[in-house]
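J.: The structure follows.
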Amino acid sequence: MPVTTFDVKEKYRYLNGFDSYLESEAVPGGLPIGHNSPQKPPLGLYTEKLSGTAFTAPRHENKQSWLYRILPSCTHPPFAPAPSSSISDEDDDKLHYIPNQLRWDPFDHAPPGTDFVAGLHRLAAAGDPTLKTGLGMFVYACSASMAAAAAFYSADGDLLIVPQEGALDVRTEFGWLLVRPMEICVIPRGVRFRVEVGGNARGYALELWQGHFGLPELGPIGSNGLANARDFMAPRACFDEDHQRGGAGYQVTAKFNNGLFVTAQAHTPFDVVAWHGGYYPYKYDLGRFNTIGSISFDHPDPSIFTVLSAPSDRPGTAVADFVIFPPRWLVGEDTFRPPWYHRNTMSEFMGLIQGGYDAKKGGKGGFEPGGASLHNVMSGHGPDAESYEGARNAELKPVKVGSGSCAFMFESCLMVGVTDWALKRCRKVQEDYSEHSWGELKVHWKGTGEAAKGHLLE
Ligand SMILES: O=C(O)Cc1cc(O)ccc1O
Ligand SMILES: [Fe+2]
């Protein structure tokens with residue numbers, strides 16, 4: 001078993017800042033002063049650079065970190081294809097491109113003994129990790145911690161994890177992150193991590209195959225609002241000490257072009273004693289989101305609720321936006337307050353962390369916590385009939401919506417294909433979603449008779 005050389009009280013004290021240049025040392029003097037790669041790094045450590053952008057990326061985009069560790073990451077035998085697993089199997093699934101609206105009942109909890117990696121399922125994807133374009137969308141369900149000597153990393157992209165049930169205690173090369181439901185984390189491409197759970201855990205994940213998440217522009221909102229940079233939390237350096245040569249006790253699994261590969265090495269991958277840089281894992285408490293909305297009339301675009309945005313090459317057009325619908329006050333006058341009916345050139349994948357969503361009935365067969373929906377490019381959608389009638393007739397006094405609730409959306413400019421697992425094998429697709437939601441929409445049209453003319457003049 002690895003020995004952790006760290007004061008437990010320090011484990012969950014974080015460094016603050018989004019896209020900041022941070023540094024942390026678990027042992028004083030672990031970081032070299034004034035240069036990055038001295039001839040003999042401090043404390044007998046090795047220097048290793050981890051880059052998240054091309055060396056020559058412009059300064060404002062450049063992301064990299066320097067790690068000072070007991071042994072460098074290259075010290076492992078060759079990787080071999082991992083035994084079959086849910087995500088590698090699902091990669092063989094042909095992706096289905098279908099214009100229908102889709103909704104899923106809550107996904108099953110995992111059978112006993114399922115860890116985070118075994119419990120990841122690919123629902124949908126667009127693009128190609130080999131070309132560093134697009135994204136993958138996943139759900140996970142796990143019931144057991146990854147083995148104490150296991151680690152995982154994705155060479156395919158940055159992983160945004162949205163827990164819905166059960167806290168994830170995430171051991172990363174940079175230190176620990178405790179991520180509870182209503183918090184999210186991002187583990188950048190290449191960073192090794194292990195997930196510990198205390199029981200059943202379930203949630204959603206987005207793997208970003210191109211670029212990185214940033215904070216959305218604030219435009220006329222000004223210099224503060226939405227997710228504030230200081231509320232993002234990065235781990236402090238914390239290392240395990242086990243570097244016995246000879247054995248092969250530590251299993252490292254790599255996700256590489258959607259396949260899984262595994263190697264077994266003699267030393268812990270979590271041996272980083274100190275680090276500095278701008279490429280690090282982080283977490284964010286969604287409860288800190290400063291929600292902004294209309295205080296006059298009309299329902300604003302949901303982009304006003306963007307927490308993180310991963311841009312495409314086209315300004316204002318995201319490969320992936322992470323958007324939340326937290327509790328908020330609605331005060332719009334002469335306004336249909338829930339989302340309007342719409343067709344979007346972007347694809348919209350939604351999940352529900354807790355509570356309900358103001359445009360959709362909850363309960364069995366509705367939009368439930370742990371379930372999901374997908375409205376792909378130009379698939380028409382909007383409030384279900386009951387929510388429509390309710391909002392059409394509601395007294396327009398100020399109301400707090402969504403107390404105790406939080407839905408979210410992964411919105412992408414790309415058309416996403418859906419896996420066989422998502423369409424069939426998970427057995428959660430609600431066959432009657434469209435009929436159930438919009439089949440009962442009433443015709444309110446008054447016709448062109450006198451009554452209607454009167455109405456137009458009202
Ligand atoms: O479809 C949805 O429920 C998500 C959504 C919410 C909203 O407030 C406006 C547009 C939109 O797509
Ligand atoms: Fe929508």
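Chains: A, B, ... in order of the structure tokens. Residues: from 1 per chain. Ligands: from 1, in order shown.
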Just want the 12 Å neighbourhood of A:Thr345, counted on only C-alpha atoms, with same-chain residues fewer than 4 positions away dropped. Output as a list in words.
T.: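 So the residues in contact are Thr317, Ala318, His375, Asn376, Val377, Met378, Ser379, Gly380, Glu411, Ser412, Cys413, Leu414, Met415 and Val416 of chain A.
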J.: Give me a file of those residues, with C-alpha atoms, as an mmCIF file, in the first residue's frame.
T.:
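To be explicit, this is the file written out as out38.cif:
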```cif
data_model
loop_
_atom_site.group_PDB
_atom_site.id
_atom_site.type_symbol
_atom_site.label_atom_id
_atom_site.label_comp_id
_atom_site.auth_asym_id
_atom_site.auth_seq_id
_atom_site.Cartn_x
_atom_site.Cartn_y
_atom_site.Cartn_z
ATOM 1 C CA THR A 317 -19.790 29.141 -31.246
ATOM 2 C CA ALA A 318 -18.933 26.484 -28.686
ATOM 3 C CA HIS A 375 -32.480 17.451 -28.667
ATOM 4 C CA ASN A 376 -30.135 17.202 -31.603
ATOM 5 C CA VAL A 377 -29.539 19.800 -34.311
ATOM 6 C CA MET A 378 -32.908 21.307 -35.367
ATOM 7 C CA SER A 379 -35.027 18.838 -33.355
ATOM 8 C CA GLY A 380 -38.022 20.882 -32.199
ATOM 9 C CA GLU A 411 -24.677 22.278 -25.732
ATOM 10 C CA SER A 412 -22.572 21.736 -28.831
ATOM 11 C CA CYS A 413 -22.359 23.255 -32.286
ATOM 12 C CA LEU A 414 -21.843 19.684 -33.564
ATOM 13 C CA MET A 415 -24.471 17.131 -34.525
ATOM 14 C CA VAL A 416 -23.992 14.208 -32.146
#
```
J.: Using only C-alpha atoms and all ligand atoms, which protein or nucleic acid residues are at most 7 Å from ligand 1, as a PyMOL selection string?
T.: chain A and resi 299-302+338-340+348+359+381-382+409
J.: Generate the output file for the selected residues, N, CA and C atoms, as a compact mmCIF listing (two decimals), in the first residue's frame.
T.:
```txt
# COMPACT_ATOMS: atom_id res chain seq x y z
N HIS A 299 -37.93 35.74 -22.07
CA HIS A 299 -37.03 34.70 -21.55
C HIS A 299 -35.70 34.80 -22.29
N PRO A 300 -34.60 35.04 -21.58
CA PRO A 300 -33.31 35.17 -22.29
C PRO A 300 -32.80 33.83 -22.82
N ASP A 301 -31.87 33.88 -23.74
CA ASP A 301 -31.22 32.65 -24.22
C ASP A 301 -30.52 31.97 -23.04
N PRO A 302 -30.44 30.63 -23.08
CA PRO A 302 -29.85 29.92 -21.93
C PRO A 302 -28.35 30.16 -21.79
N PRO A 338 -41.32 30.02 -19.01
CA PRO A 338 -40.41 28.89 -19.29
C PRO A 338 -39.75 29.06 -20.66
N PRO A 339 -38.85 28.14 -21.04
CA PRO A 339 -38.23 28.25 -22.36
C PRO A 339 -39.30 28.28 -23.46
N TRP A 340 -39.05 29.03 -24.47
CA TRP A 340 -39.92 29.06 -25.67
C TRP A 340 -39.76 27.74 -26.44
N GLU A 348 -28.44 19.81 -28.01
CA GLU A 348 -28.66 20.06 -26.58
C GLU A 348 -28.84 18.74 -25.84
N ALA A 359 -39.63 23.28 -17.30
CA ALA A 359 -40.35 23.10 -18.56
C ALA A 359 -40.82 21.66 -18.76
N HIS A 381 -38.37 21.32 -29.85
CA HIS A 381 -38.70 20.97 -28.47
C HIS A 381 -39.11 22.21 -27.70
N GLY A 382 -39.52 22.00 -26.47
CA GLY A 382 -39.98 23.10 -25.62
C GLY A 382 -40.82 22.50 -24.50
N MET A 409 -27.06 21.50 -19.07
CA MET A 409 -27.05 21.20 -20.51
C MET A 409 -25.61 21.17 -21.00
```
J.: Which of these residues is nearest to ligand 2, using only C-alpha atoms and all ligand atoms: A:Ala167, A:Leu120, A:Leu374, A:Val252?
T.: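 Closest to ligand 2, using only C-alpha atoms and all ligand atoms: A:Leu374.
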J.: With distances taken over only C-alpha atoms and all ligand atoms, which residue among A:Cys406, A:Val323, A:Leu15, A:Leu330 lies nearest ligand 2?
T.: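 Using only C-alpha atoms and all ligand atoms, the shortest distance to ligand 2 belongs to A:Val323.
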J.: Can you list every residue in stretch 284-454 of chain A that DSSP puts in alpha helix (DSSP H), as a list in words?
T.: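 Filtering stretch 284-454 of chain A to alpha helix (DSSP H) leaves Ala385, Glu386, Ser387, Tyr388, Glu389, Gly390, Ala391, Arg392, Asn393, Asp420, Tyr433, Ser434, Glu435, His436, Ser437, Trp438, Glu450, Ala451, Ala452, Lys453 and Gly454 of chain A.
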J.: Do a neighbour search on A:Arg194 at 9 Å with only C-alpha atoms, toss out local chain neighbours closer than 5 positions, and write the hits as a VMD selection string.
T.: chain A and resid 116 145 to 153 169 to 172
J.: What is the distance, in Å and to one decimal place, between atom CA of A:Glu165 and atom CA of A:Gly203?
T.: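 Distance between the two atoms: 6.4 Å.
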J.: What gap, in Å, lies between atom CA of A:Phe325 and atom CA of A:Phe408?
T.: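 According to the coordinates, atom CA of A:Phe325 and atom CA of A:Phe408 are separated by 5.9 Å.
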J.: Using only C-alpha atoms for the distances, tell me which of A:Leu160, A:Ala201, A:Leu177, A:Ala385 is nearest to A:Asp115.
T.: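 Looking only at the distances to A:Asp115, the closest residue turns out to be A:Ala201.
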J.: Against stretch 423-443 of chain A, which residues of stretch 349-410 of chain A fall within 9 Å? For each one I want the closest pair of atoms and the distance in Å (one decimal), counting only C-alpha atoms, rows by chain and increasing residue number, as a Markdown table.
T.:
```
| residue | atom | partner | partner_atom | distance |
| --- | --- | --- | --- | --- |
| A:Lys360 | CA | A:Ser437 | CA | 7.9 |
| A:Lys361 | CA | A:Ser437 | CA | 8.5 |
| A:Gly365 | CA | A:Gln430 | CA | 7.1 |
| A:Gly366 | CA | A:Tyr433 | CA | 8.1 |
| A:Gly371 | CA | A:Lys428 | CA | 8.5 |
| A:His381 | CA | A:Trp438 | CA | 8.5 |
| A:Gly382 | CA | A:Trp438 | CA | 8.6 |
| A:Pro383 | CA | A:Ser437 | CA | 7.6 |
| A:Asp384 | CA | A:Ser437 | CA | 4.4 |
| A:Ala385 | CA | A:Leu441 | CA | 4.9 |
| A:Glu386 | CA | A:Ser437 | CA | 8.1 |
| A:Tyr388 | CA | A:Leu441 | CA | 8.1 |
| A:Glu389 | CA | A:Leu441 | CA | 8.6 |
```
J.: Could you save the residues just selected, with C-alpha atoms, as a short mmCIF file (atom, residue, chain, number, x, y, z; two decimals), in the first residue's frame?
T.:
```
data_model
loop_
_atom_site.label_atom_id
_atom_site.label_comp_id
_atom_site.auth_asym_id
_atom_site.auth_seq_id
_atom_site.Cartn_x
_atom_site.Cartn_y
_atom_site.Cartn_z
CA LYS A 360 -40.87 19.39 -17.99
CA LYS A 361 -42.95 17.22 -15.71
CA GLY A 365 -41.81 8.69 -17.18
CA GLY A 366 -40.91 12.40 -16.99
CA GLY A 371 -32.11 10.76 -16.46
CA HIS A 381 -38.70 20.97 -28.47
CA GLY A 382 -39.98 23.10 -25.62
CA PRO A 383 -42.26 22.85 -22.60
CA ASP A 384 -44.56 19.86 -22.38
CA ALA A 385 -48.31 20.47 -22.68
CA GLU A 386 -48.92 20.63 -18.94
CA TYR A 388 -47.24 25.18 -21.28
CA GLU A 389 -50.80 25.49 -19.96
#
```
J.: Quick one: residues within 8 Å of A:Ile292, only C-alpha atoms, excluding same-chain residues fewer than 6 positions away - as a ChimeraX atom specification?
T.: /A:225-226,304-305
J.: Restricting it to C-alpha atoms, dump the selection as a short mmCIF file (atom, residue, chain, number, x, y, z; two decimals), in the first residue's frame.
T.:
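Writing the result to part07.cif gives the following:
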```cif
data_model
loop_
_atom_site.label_atom_id
_atom_site.label_comp_id
_atom_site.auth_asym_id
_atom_site.auth_seq_id
_atom_site.Cartn_x
_atom_site.Cartn_y
_atom_site.Cartn_z
CA GLY A 225 -20.96 37.44 -12.62
CA LEU A 226 -21.89 33.89 -13.62
CA ILE A 304 -26.87 33.49 -19.81
CA PHE A 305 -26.43 30.40 -17.58
#
```
J.: Under the rule that only C-alpha atoms and all ligand atoms are counted, which of A:Met182, A:Val401, A:Gln354, A:Gln101 is the nearest residue to ligand 2?
T.: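 For ligand 2, the nearest of the candidates is A:Gln101.
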J.: Running DSSP on the backbone, which parts of stretch 271-449 of chain A land in strand (DSSP E), as JSON, numbers by chain?
T.: {"A": [272, 273, 274, 275, 276, 277, 282, 283, 284, 285, 306, 307, 308, 309, 310, 311, 318, 319, 320, 321, 322, 323, 324, 325, 328, 329, 330, 347, 348, 349, 350, 351, 352, 353, 354, 372, 373, 374, 375, 399, 400, 401, 406, 407, 408, 409, 410, 411, 412, 417, 418]}
J.: Export C-alpha atoms of the chosen residues as a PDB file, in the first residue's frame?
T.:
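Saved to selection-v2.pdb:
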```
ATOM      1  CA  VAL A 272       4.314  14.434  -7.463  1.00  0.00           C
ATOM      2  CA  VAL A 273       5.867  16.312  -4.539  1.00  0.00           C
ATOM      3  CA  ALA A 274       5.498  19.792  -6.008  1.00  0.00           C
ATOM      4  CA  TRP A 275       4.076  21.435  -9.115  1.00  0.00           C
ATOM      5  CA  HIS A 276       3.626  24.787 -10.745  1.00  0.00           C
ATOM      6  CA  GLY A 277       1.805  25.903 -13.834  1.00  0.00           C
ATOM      7  CA  TYR A 282     -10.081  21.855 -10.754  1.00  0.00           C
ATOM      8  CA  LYS A 283     -13.504  21.731  -9.187  1.00  0.00           C
ATOM      9  CA  TYR A 284     -16.357  24.219  -8.879  1.00  0.00           C
ATOM     10  CA  ASP A 285     -19.348  24.414  -6.545  1.00  0.00           C
ATOM     11  CA  THR A 306     -23.088  29.237 -19.052  1.00  0.00           C
ATOM     12  CA  VAL A 307     -20.612  28.041 -16.440  1.00  0.00           C
ATOM     13  CA  LEU A 308     -17.829  26.914 -18.781  1.00  0.00           C
ATOM     14  CA  SER A 309     -17.412  27.179 -22.513  1.00  0.00           C
ATOM     15  CA  ALA A 310     -15.080  25.376 -24.911  1.00  0.00           C
ATOM     16  CA  PRO A 311     -14.815  27.441 -28.077  1.00  0.00           C
ATOM     17  CA  ALA A 318     -18.933  26.484 -28.686  1.00  0.00           C
ATOM     18  CA  VAL A 319     -17.877  22.909 -29.235  1.00  0.00           C
ATOM     19  CA  ALA A 320     -19.220  22.449 -25.727  1.00  0.00           C
ATOM     20  CA  ASP A 321     -20.964  24.793 -23.355  1.00  0.00           C
ATOM     21  CA  PHE A 322     -21.717  23.625 -19.847  1.00  0.00           C
ATOM     22  CA  VAL A 323     -24.905  25.425 -18.816  1.00  0.00           C
ATOM     23  CA  ILE A 324     -26.871  25.095 -15.563  1.00  0.00           C
ATOM     24  CA  PHE A 325     -30.447  25.915 -14.551  1.00  0.00           C
ATOM     25  CA  ARG A 328     -33.613  31.619  -9.511  1.00  0.00           C
ATOM     26  CA  TRP A 329     -36.259  34.314  -9.355  1.00  0.00           C
ATOM     27  CA  LEU A 330     -38.544  34.872 -12.322  1.00  0.00           C
ATOM     28  CA  SER A 347     -27.345  20.059 -30.137  1.00  0.00           C
ATOM     29  CA  GLU A 348     -28.665  20.062 -26.578  1.00  0.00           C
ATOM     30  CA  PHE A 349     -27.973  17.218 -24.156  1.00  0.00           C
ATOM     31  CA  MET A 350     -29.583  17.738 -20.739  1.00  0.00           C
ATOM     32  CA  GLY A 351     -29.290  16.014 -17.397  1.00  0.00           C
ATOM     33  CA  LEU A 352     -30.916  16.621 -14.028  1.00  0.00           C
ATOM     34  CA  ILE A 353     -28.781  16.630 -10.888  1.00  0.00           C
ATOM     35  CA  GLN A 354     -31.623  17.141  -8.435  1.00  0.00           C
ATOM     36  CA  ALA A 372     -31.252  12.728 -19.598  1.00  0.00           C
ATOM     37  CA  SER A 373     -32.562  14.148 -22.847  1.00  0.00           C
ATOM     38  CA  LEU A 374     -31.085  14.923 -26.239  1.00  0.00           C
ATOM     39  CA  HIS A 375     -32.480  17.451 -28.667  1.00  0.00           C
ATOM     40  CA  VAL A 399     -41.677  33.403  -8.222  1.00  0.00           C
ATOM     41  CA  LYS A 400     -38.651  31.471  -7.168  1.00  0.00           C
ATOM     42  CA  VAL A 401     -38.293  28.522  -9.523  1.00  0.00           C
ATOM     43  CA  CYS A 406     -30.490  21.885 -10.843  1.00  0.00           C
ATOM     44  CA  ALA A 407     -30.692  20.768 -14.449  1.00  0.00           C
ATOM     45  CA  PHE A 408     -27.760  21.228 -16.802  1.00  0.00           C
ATOM     46  CA  MET A 409     -27.049  21.196 -20.511  1.00  0.00           C
ATOM     47  CA  PHE A 410     -24.090  20.170 -22.636  1.00  0.00           C
ATOM     48  CA  GLU A 411     -24.677  22.278 -25.732  1.00  0.00           C
ATOM     49  CA  SER A 412     -22.572  21.736 -28.831  1.00  0.00           C
ATOM     50  CA  GLY A 417     -24.376  10.536 -32.955  1.00  0.00           C
ATOM     51  CA  VAL A 418     -25.878   8.219 -30.354  1.00  0.00           C
TER      52      VAL A 418
END
```
J.: Please list as an MDAnalysis selection string every residue within 12 Å of A:Gln210, counting only C-alpha atoms and excluding residues in the same chain fewer than 5 positions away.
T.: chainID A and resid 52:53 126:136 155:159 188:189 309:313 318:320
